[in-house]
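Q: This is the structure I want to talk about, given as structure tokens.
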Amino acid sequence: GAVVSQHPSWVICKSGTSVKIECRSLDFQATTMFWYRQFPKQSLMLMATSNEGSKATYEQGVEKDKFLINHASLTLSTLTVTSAHPEDSSFYICSAAKGQINSYNSPLHFGNGTRLTVT
Amino acid sequence: QKEVEQNSGPLSVPEGAIASLNCTYSDRGSQSFFWYRQYSGKSPELIMFIYSNGDKEDGRFTAQLNKASQYVSLLIRDSQPSDSATYLCAVNPTNTGGFKTIFGAGTRLFVKA
């Protein structure tokens with residue numbers, strides 16, 4: 001099956017610093033990747049859609065200047081949490097769909113997630 | 001109204017029983033429906049997807065879709081303790097202007113040995 005690799009799996013940082021999370025599709029090209037955030041005992045909330053070679057599309061309420069997304073190649077998308085604060089502590093998960101992204105039938109394949117703790 | 005609704009549970013069933021998980025969605029034009037399993041502290045993994053009305057079986061899992069009722073369910077036969085997890089229903093609605101997968105809050109399932 002499709003493999004999506006995410007790194008790091010966990011990170012602890014101090015308030016005010018920035019953290020970069022990488023998401024790679026290992027065995028397929030992903031023109032579009034998705035970044036989700038999940039707080040404890042809550043569902044996945046879509047933060048943004050990452051498009052290769054163009055600007056990301058952010059969901060309502062997600063600050064694009066705080067959560068910087070770069071999708072520089074067909075296999076790599078990065079999420080940078082800038083000036084992190086304790087309320088940004090969460091489980092961040094990237095995903096990608098294999099196949100034609102315009103197909104509404106494409107299931108998502110998830111990375112293993114990154115647990116961010118901001119102290 | 002939430003786009004995808006699930007009973008948060010927990011749903012507790014004895015080992016060997018059938019676990020029934022339900023989900024409703026709001027976008028009548030939705031075409032694709034997915035069930036994911038998420039263990040605590042882990043990312044979701046795809047269990048099944050279904051696109052057409054009716055039943056779809058894969059091993060111990062059966063997905064059921066009723067578009068008229070905007071209802072999708074997942075049955076787990078011969079439930080095992082290892083099935084204990086949160087099950088997420090996901091839908092690709094067509095009213096969002098692009099490709100997007102919306103998740104329900106998930107139903108926690110406990111299978112008692």
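Chain lettering (A, B, ...) mirrors the order of the structure tokens, residue numbering begins at 1 for each chain separately, and ligand numbering begins at 1 in order of display.
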Would you write out, as CSV, a table of all residues in chain B that have an atom no more than 10 Å from an atom of chain A, listing for each the closest atom pair and the distance in Å to one decimal, considering only C-alpha atoms and ordering rows by chain and rising residue number?
A:
residue,atom,partner,partner_atom,distance
B:Ser8,CA,A:Lys41,CA,9.7
B:Ser30,CA,A:Tyr104,CA,8.7
B:Gln31,CA,A:Tyr104,CA,6.9
B:Ser32,CA,A:Asn105,CA,5.3
B:Phe33,CA,A:Asn105,CA,8.0
B:Phe34,CA,A:Pro107,CA,7.2
B:Trp35,CA,A:Pro107,CA,9.6
B:Tyr36,CA,A:Leu108,CA,9.6
B:Ser40,CA,A:Lys41,CA,9.3
B:Gly41,CA,A:Phe91,CA,8.4
B:Lys42,CA,A:Asn112,CA,6.5
B:Ser43,CA,A:Asn112,CA,5.3
B:Pro44,CA,A:Phe110,CA,6.6
B:Glu45,CA,A:Phe110,CA,7.0
B:Leu46,CA,A:His109,CA,7.3
B:Met48,CA,A:Pro107,CA,9.1
B:Phe49,CA,A:Pro107,CA,7.4
B:Ile50,CA,A:Asn105,CA,8.7
B:Tyr51,CA,A:Asn105,CA,7.4
B:Thr86,CA,A:Lys41,CA,9.6
B:Leu88,CA,A:Ser43,CA,8.0
B:Ala90,CA,A:Pro107,CA,9.3
B:Val91,CA,A:Tyr104,CA,9.4
B:Asn92,CA,A:Tyr104,CA,6.2
B:Pro93,CA,A:Tyr104,CA,8.1
B:Thr94,CA,A:Tyr104,CA,8.0
B:Gly98,CA,A:Asn102,CA,7.7
B:Phe99,CA,A:Asn102,CA,6.4
B:Lys100,CA,A:Tyr104,CA,8.3
B:Thr101,CA,A:Leu108,CA,8.1
B:Ile102,CA,A:Leu46,CA,7.7
B:Phe103,CA,A:Leu44,CA,6.3
B:Gly104,CA,A:Ser43,CA,6.4
B:Ala105,CA,A:Ser43,CA,4.4
B:Gly106,CA,A:Ser43,CA,6.5
B:Thr107,CA,A:Ser43,CA,10.0
B:Arg108,CA,A:Lys41,CA,9.8
Q: Quick one: everything within 9 Å of Phe61 (chain B), counting only C-alpha atoms, minus sequence neighbours fewer than 2 positions away in the same chain. Send it as a PyMOL selection string.
A: chain B and resi 47-48+56-59+63+74-77
Q: Hey, can you spit out that residue selection with N, CA, C and O atoms as a PDB file, in the first residue's frame?
A:
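File produced: selection15.pdb:
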ATOM      1  N   ILE B  47      -9.469   1.299   6.845  1.00  0.00           N
ATOM      2  CA  ILE B  47     -10.042  -0.041   6.939  1.00  0.00           C
ATOM      3  C   ILE B  47     -10.811  -0.372   5.678  1.00  0.00           C
ATOM      4  O   ILE B  47     -10.603  -1.416   5.060  1.00  0.00           O
ATOM      5  N   MET B  48     -11.735   0.511   5.308  1.00  0.00           N
ATOM      6  CA  MET B  48     -12.579   0.231   4.144  1.00  0.00           C
ATOM      7  C   MET B  48     -13.042   1.532   3.507  1.00  0.00           C
ATOM      8  O   MET B  48     -13.100   2.571   4.160  1.00  0.00           O
ATOM      9  N   LYS B  56     -20.577  -3.789   1.479  1.00  0.00           N
ATOM     10  CA  LYS B  56     -19.272  -4.171   0.960  1.00  0.00           C
ATOM     11  C   LYS B  56     -18.538  -4.913   2.066  1.00  0.00           C
ATOM     12  O   LYS B  56     -18.384  -4.382   3.164  1.00  0.00           O
ATOM     13  N   GLU B  57     -18.112  -6.116   1.764  1.00  0.00           N
ATOM     14  CA  GLU B  57     -17.496  -6.956   2.788  1.00  0.00           C
ATOM     15  C   GLU B  57     -16.009  -7.137   2.510  1.00  0.00           C
ATOM     16  O   GLU B  57     -15.589  -7.299   1.368  1.00  0.00           O
ATOM     17  N   ASP B  58     -15.225  -7.120   3.600  1.00  0.00           N
ATOM     18  CA  ASP B  58     -13.790  -7.368   3.494  1.00  0.00           C
ATOM     19  C   ASP B  58     -13.367  -8.062   4.779  1.00  0.00           C
ATOM     20  O   ASP B  58     -13.200  -7.413   5.811  1.00  0.00           O
ATOM     21  N   GLY B  59     -13.262  -9.381   4.709  1.00  0.00           N
ATOM     22  CA  GLY B  59     -12.894 -10.138   5.901  1.00  0.00           C
ATOM     23  C   GLY B  59     -13.973 -10.020   6.963  1.00  0.00           C
ATOM     24  O   GLY B  59     -15.137 -10.268   6.711  1.00  0.00           O
ATOM     25  N   ALA B  63     -18.983  -2.773   5.361  1.00  0.00           N
ATOM     26  CA  ALA B  63     -19.455  -1.392   5.310  1.00  0.00           C
ATOM     27  C   ALA B  63     -20.813  -1.375   4.624  1.00  0.00           C
ATOM     28  O   ALA B  63     -21.047  -2.117   3.675  1.00  0.00           O
ATOM     29  N   LEU B  74     -20.434   0.529   9.822  1.00  0.00           N
ATOM     30  CA  LEU B  74     -19.370  -0.468   9.769  1.00  0.00           C
ATOM     31  C   LEU B  74     -19.705  -1.561  10.765  1.00  0.00           C
ATOM     32  O   LEU B  74     -19.958  -1.271  11.936  1.00  0.00           O
ATOM     33  N   LEU B  75     -19.738  -2.779  10.281  1.00  0.00           N
ATOM     34  CA  LEU B  75     -19.943  -3.937  11.148  1.00  0.00           C
ATOM     35  C   LEU B  75     -18.638  -4.696  11.284  1.00  0.00           C
ATOM     36  O   LEU B  75     -17.956  -4.941  10.289  1.00  0.00           O
ATOM     37  N   ILE B  76     -18.319  -5.053  12.499  1.00  0.00           N
ATOM     38  CA  ILE B  76     -17.125  -5.868  12.757  1.00  0.00           C
ATOM     39  C   ILE B  76     -17.602  -7.179  13.349  1.00  0.00           C
ATOM     40  O   ILE B  76     -18.126  -7.208  14.476  1.00  0.00           O
ATOM     41  N   ARG B  77     -17.424  -8.241  12.606  1.00  0.00           N
ATOM     42  CA  ARG B  77     -17.835  -9.559  13.097  1.00  0.00           C
ATOM     43  C   ARG B  77     -16.711 -10.184  13.902  1.00  0.00           C
ATOM     44  O   ARG B  77     -15.534  -9.867  13.708  1.00  0.00           O
TER      45      ARG B  77
END
Q: Write out as a ChimeraX atom specification all residues of chain B that DSSP puts in strand (DSSP E or B) for this structure's backbone.
A: /B:4-6,11-14,19-25,32-38,45-50,54-58,61-66,71-76,85-92,102-103,107-112
Q: Residues near region 13-29 of chain B, anyone? I mean within 8 Å using only C-alpha atoms, not counting same-chain ones fewer than 4 positions away, as a PyMOL selection string.
A: chain B and resi 1-7+67+70-81+87+89+91+93-95+104+107+109-113
Q: Record the distance separating CA of Val11 (chain A) and CA of Leu26 (chain A), expressed in Å with one decimal.
A: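 One can read the CA of Val11 (chain A) to CA of Leu26 (chain A) distance as 22.1 Å.
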Q: Tell me which protein, DNA and RNA residues are within 9 Å of Cys23 (chain A), counting only C-alpha atoms, leaving out same-chain ones fewer than 2 positions away, and put them as a PyMOL selection string.
A: chain A and resi 4-7+21+25+33+75-79+93-95+111
Q: Can you work out the spacing between CA of Ser69 (chain B) and CA of Asp55 (chain B) in Å, to one decimal?
A: 14.5 Å
Q: Taking only C-alpha atoms into account, which of A:Thr117, A:Ser18, A:Asn51, A:Asn70 comes nearest Ser89 (chain A)?
A: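 Of A:Thr117, A:Ser18, A:Asn51, A:Asn70, the one nearest Ser89 (chain A), counting only C-alpha atoms, is A:Thr117.
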Q: Rounded to one decimal in Å, what is the spacing between CA of Ala56 (chain A) and CA of Gln38 (chain B)?
A: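 Going from CA of Ala56 (chain A) over to CA of Gln38 (chain B) covers 26.5 Å.
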